[in-house]
Amino acid sequence: MATDQVLAGSAPAVESGEALQPKRPRVSRLPSLTGLRFPAALAVFAHHAFLPIPPLRLLADDDTEYRLAGWFAQAGGLGVSFFFVLSGFVLAWSAREGDTTTGFWRRRFVKIYPNYVVTWALTMVLFAAFYTPARVAIANLFMVQVWWPAYFTNFSVDAPSWSLAVEAVFYLCFPLLLRVFRRIDPRNLKYWIAGAMAAVVATPALAYALFPSTPRVPSGHDTSVSQYWFSYVLPPVRLVDFALGILVALAVKHGRWRNIGMVWSTLLLVGGYALTFHVPYLYGQRATMILPIVLLIAATAIADVEDRFTWFRSRTMVWLGEISFAFYLLHYTVMCSLRWALGTEMYSNAVGISLLAGTAVVTVLLSWALYALVETPLVRRYSRP
């Protein structure tokens with residue numbers, strides 16, 4: 001299906017003499033999208049679980065380790081891109097009429113930063129303080145580690161937390177972006193969405209063309225530190241993912257979206273992920289999966305609006321989705337702490353994978369505690385003046 005067909009929505013323009021498709025009914029909660037957050041966090045977990053690096057590796061068998069590392073090489077990129085688009089979509093969908101900029105910023109701060117600080121402190125105490133320079137640790141604490149091309153600064157202390165530093169920029173920009181995007185004629189949203197997707201696809205080409213090819217990232221992929229930073233980490237570049245989520249939310253609200261359903265969207269996402277094995281590394285990080293991600297998020301939201309059953313809106317999945325932010329922040333710390341505690345011993349495939357499964361369970365329990373004891377009380381207490 002051509003991109004324009006997907007984006008155009010089922011309602012033609014008023015000038016054609018046909019009526020516009022009615023707006024979607026106002027539904028504030030999207031439980032299936034909440035439930036879908038946990039598989040995205042689990043994809044990032046799987047990516048880190050099989051990275052063949054000393055702070056994480058558990059499997060003794062090289063063939064198995066590198067095979068699994070290859071299979072999940074782009075799972076982290078999938079999960080992060082999904083979260084960035086989802087963030088824009090959900091914030092635009094739930095935006096309150098008459099809300100103030102400072103009110104929005106306050107709610108985002110109390111939801112995100114306390115968890116961030118707790119996991120930063122926990123990671124520093126458990127292992128990161130032993131090798132992290134003070135300036136890098138402070139940069140992480142103040143969420144500025146993503147603003148220059150330095151691989152071991154971008155992914156330092158609690159490595160996955162770099163994406164929260166990027167999200168902080170999104171939140172600062174959201175009130176202005178929403179104000180601007182709301183002024184777009186709904187009939188023209190498809191062009192803006194197509195343009196944002198084109199920008200995502202063009203980013204790796206710009207990175208490869210504009211930045212030197214050395215030094216290479218430590219993972220050994222066909223990209224340099226500066227290319228990787230520009231295409232995958234730099235906040236203004238990733239802002240396109242977030243803006244795309246806002247635009248898609250507005251298109252769905254205005255009935256300007258042609259829904260292909262969750263099943264087809266999922267199949268396209270599987271195909272997009274398979275394509276990552278056949279394109280240069282940076283294209284696999286975002287470009288091959290961005291359209292399926294957008295389609296799946298929109299299809300899931302529409303299923304909730306139409307009150308259709310999805311497996312992701314079950315009580316268990318919604319609960320896992322609610323703790324997924326804490327899970328995302330904690331999983332790397334738990335993995336590294338386990339590896340630190342076990343010393344240098346490597347394990348058989350069965351034992352190593354069992355240890356990783358146990359790590360996931362422990363991370364879920366710790367995430368529940370962080371959600372219940374830190375995130376929820378602070379959000380309830382400080383979300384309003």
# chains A, B, ... in the order shown; residues from 1 in each chain; ligands from 1
>>> select_by_dssp(residues="stretch 292-351 of chain A", states="alpha helix (DSSP H)", output="ChimeraX atom specification")
/A:292-305,315-322,324-342,349-351
>>> write_last_selection(atoms="C-alpha atoms", output="compact mmCIF listing (two decimals), in the first residue's frame")
# COMPACT_ATOMS: atom_id res chain seq x y z
CA PRO A 292 4.80 0.20 10.78
CA ILE A 293 5.33 1.79 14.22
CA VAL A 294 3.04 4.68 13.28
CA LEU A 295 0.43 2.34 11.80
CA LEU A 296 0.43 0.10 14.88
CA ILE A 297 0.10 2.97 17.34
CA ALA A 298 -2.78 4.50 15.39
CA ALA A 299 -4.53 1.13 14.93
CA THR A 300 -4.24 0.34 18.64
CA ALA A 301 -5.62 3.75 19.63
CA ILE A 302 -8.55 3.35 17.23
CA ALA A 303 -9.30 -0.09 18.69
CA ASP A 304 -9.60 1.56 22.11
CA VAL A 305 -11.73 4.40 20.77
CA ARG A 315 -5.52 -5.99 33.36
CA THR A 316 -2.11 -7.68 33.42
CA MET A 317 -0.85 -5.94 30.28
CA VAL A 318 -2.08 -2.53 31.42
CA TRP A 319 -0.31 -3.03 34.76
CA LEU A 320 2.89 -4.05 33.00
CA GLY A 321 2.53 -1.01 30.75
CA GLU A 322 2.17 1.26 33.76
CA SER A 324 7.22 -0.12 31.92
CA PHE A 325 8.90 3.26 32.42
CA ALA A 326 10.45 2.03 35.66
CA PHE A 327 11.30 -1.29 33.97
CA TYR A 328 13.06 0.55 31.15
CA LEU A 329 15.16 2.57 33.59
CA LEU A 330 16.03 -0.33 35.89
CA HIS A 331 16.71 -3.29 33.60
CA TYR A 332 20.24 -2.34 32.57
CA THR A 333 21.24 -1.67 36.18
CA VAL A 334 19.90 -5.06 37.27
CA MET A 335 21.72 -6.82 34.40
CA CYS A 336 25.04 -5.16 35.14
CA SER A 337 24.67 -5.77 38.88
CA LEU A 338 24.09 -9.47 38.25
CA ARG A 339 27.14 -9.71 36.00
CA TRP A 340 29.21 -7.80 38.59
CA ALA A 341 28.07 -10.13 41.39
CA LEU A 342 28.82 -13.30 39.38
CA ASN A 349 22.99 -21.56 27.16
CA ALA A 350 20.32 -23.06 29.44
CA VAL A 351 21.75 -21.54 32.62
>>> closest_residue(among="A:Gly358, A:Gly352, A:Gly77, A:Gly255", to="A:Tyr283", atoms="only C-alpha atoms")
A:Gly77
>>> closest_residue(among="A:Gly35, A:Thr64, A:Leu176, A:Leu30", to="A:Ser348", atoms="only C-alpha atoms")
A:Thr64
>>> atom_distance(atom1="atom CA of A:Val248", atom2="atom CA of A:Ala92")
9.1 Å
>>> atom_distance(atom1="atom CA of A:Pro52", atom2="atom CA of A:Phe72")
11.5 Å
>>> residues_around(residues="A:Val85", least_positions_apart="4", cutoff="10 Å", atoms="only C-alpha atoms", output="MDAnalysis selection string")
chainID A and resid 80:81 89:90 238:249 290 293:294 297
>>> closest_residue(among="A:Arg96, A:Ala75, A:Phe309, A:Leu177", to="A:Ser32", atoms="only C-alpha atoms")
A:Phe309
>>> residues_around(residues="A:Arg384", least_positions_apart="6", cutoff="9 Å", atoms="only C-alpha atoms", output="VMD selection string")
chain A and resid 103 106 to 107
>>> atom_distance(atom1="atom CA of A:Leu42", atom2="atom CA of A:Gly76")
9.1 Å
>>> residues_around(residues="A:Val166", least_positions_apart="6", cutoff="9 Å", atoms="only C-alpha atoms", output="ChimeraX atom specification")
/A:143-144,146,233-236,238-239
>>> write_last_selection(atoms="C-alpha atoms", output="tab-separated table (two decimals), in the first residue's frame")
chain	number	residue	atom	x	y	z
A	143	MET	CA	20.24	15.11	31.42
A	144	VAL	CA	22.76	16.77	29.11
A	146	VAL	CA	23.32	13.54	24.67
A	233	VAL	CA	20.91	10.26	19.69
A	234	LEU	CA	20.85	14.00	18.91
A	235	PRO	CA	17.63	15.48	20.39
A	236	PRO	CA	16.67	17.84	17.51
A	238	ARG	CA	14.84	12.58	17.26
A	239	LEU	CA	12.31	15.38	17.75
>>> residues_around(residues="A:Arg216", least_positions_apart="5", cutoff="6 Å", atoms="only C-alpha atoms", output="JSON, numbers by chain")
{"A": [223, 224, 225]}
>>> closest_residue(among="A:Ala199, A:Val252, A:Ala194, A:Leu275", to="A:Trp93", atoms="only C-alpha atoms")
A:Val252
>>> residues_around(residues="A:Asp222", least_positions_apart="3", cutoff="12 Å", atoms="only C-alpha atoms", output="VMD selection string")
chain A and resid 204 207 to 208 212 to 219 225 227 to 228 279 to 284
>>> closest_residue(among="A:Val157, A:Thr100, A:Leu33, A:Ser87", to="A:Ala129", atoms="only C-alpha atoms")
A:Val157
